[in-house]
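The block underneath contains the structure these notes are about, expressed in structure tokens.
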Amino acid sequence: MEPGTARIAVDLLGGDDAPAVVVDGALRAVRADPDLHLLLVGPTEVADGLIAALDPAQRARIAVRPVRDVVGMADHPSAARAESTVRAAVTAVRDGTADAMVSAGATGATVTAAVLGLGRWPEIRQPALVATLPAVAGPVVLLDVGGSLEPRPATLVRHAVLGAAYAAVAHAVVEPRVGLLSVGTEAGKGDRVRRATDPLLAAEPLPCGARYVGLVEGYDVTLGARADAVVTDGFTGNVLLKAIEGAYAMAGGPPVGGGAPRAAALLGVAGTVVVCHGAARAADVASGIALAAHLWRRRVTDLVSALLDGDAATDRIDRTTDTEVRTS
């Protein structure tokens with residue numbers, strides 16, 4: 001367990017099976033990490049039920065922010081503008097009450113709330129959801145997995161920069177190899193967006209000594225032999241992630257070392273935000289909370305931001321309301 005106190009705001013009402021699985025996951029997380037403090041955002045009676053299951057020492061590490069309204073899984077992302085559990089969790093990070101936040105609620109609402117409440121990094125028009133898969137040759141960073149469904153080539157290039165920096169900072173990958181997901185590895189393969197992005201990426205300077213290796217295919221994501229970070233649009237990335245998850249289920253379970261992640265980090269906003277799978281179970285929520293604590297303790301968000309735009313980047317945060325969030 002990494003040392004250092006981490007204060008994580010948890011959206012108690014986010015997810016298909018909330019609040020039961022979120023409460024169970026939060027219980028597991030706080031019992032597993034003695035330096036973890038939770039801010040429970042949701043109805044008081046739900047929070048009280050969780051607190052009652054803890055021993056006195058653990059209860060001292062729990063705080064509550066009473067909020068009753070929730071953005072439903074089928075609601076439009078703009079619903080996150082109103083007071084809700086996900087917006088209150090973001091506000092806690094912005095105000096310094098929490099170091100990071102976790103939600104298993106609607107992805108679009110979480111991204112929108114984070115953009116409006118925390119602001120975007122300079123030159124990041126569409127933040128990216130970043131997941132790490134346990135590939136055969138080592139961890140592979142996959143982005144985007146749901147934040148930007150129809151990005152332009154310039155957005156994919158910026159996401160490649162994000163992915164390279166994240167692989168280096170979060171997973172200590174030396175000189176990360178970056179690939180662009182397509183239907184073949186030969187130049188010219190893929191749809192219009194892929195064909196336009198490929199030459200742009202080839203000319204883009206990447207941080208941390210990273211290099212662009214060209215087009216990669218789906219099996220490169222699970223093998224990890226050709227790329228440490230794989231870039232694609234959020235629609236394809238989300239479908240691929242869930243397909244891998246289904247393949248593990250057909251095979252009788254994930255391989256040793258873990259399966260498809262049920263939580264992703266949101267990169268491009270001025271704060272540490274983790275989005276869990278809407279169908280997350282208790283173990284997945286606990287894993288998402290642990291990921292948020294890990295990212296905070298390693299200062300991943302700050303370090304990635306500094307690598308992209310220099311140490312002054314956080315002084316030029318964009319909090320415009322043009323979020324361009326187009327998610328499901």
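Chain lettering (A, B, ...) mirrors the order of the structure tokens, residue numbering begins at 1 for each chain separately, and ligand numbering begins at 1 in order of display.
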(message) Show me, as a ChimeraX atom specification, the residues that have an atom within 10 Å of stretch 178-190 of chain A when counting only C-alpha atoms, minus same-chain residues fewer than 6 positions from it.
(response) /A:140-143,156-157,160-161,163-164,167,196-199,201,206,210-221,226-233,236-237
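Residues of stretch 151-198 of chain A that DSSP, applied to the backbone, places in strand (DSSP E or B): A:Arg177, A:Val178, A:Gly179, A:Leu180, A:Leu181.
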(request) Provide the atom CA of A:Gly271 to atom CA of A:Lys242 distance in Å, to one decimal place. (result)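 Between these atoms lies a distance of 26.3 Å.
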(request) Could you tell me how far atom CA of A:Thr301 lies from atom CA of A:Gly268, in Å and to one decimal? (result) 8.4 Å
(request) Would you mind listing what lies within 9 Å of stretch 277-292 of chain A as a count of residues only, with only C-alpha atoms counted and same-chain residues fewer than 2 positions away left out? (result) 44
(request) Considering only C-alpha atoms, state which residue in the set A:Thr132, A:Arg7, A:Glu150, A:Pro127 is at the smallest distance from A:Leu162. (result)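 Smallest distance to A:Leu162 is found for A:Pro127.
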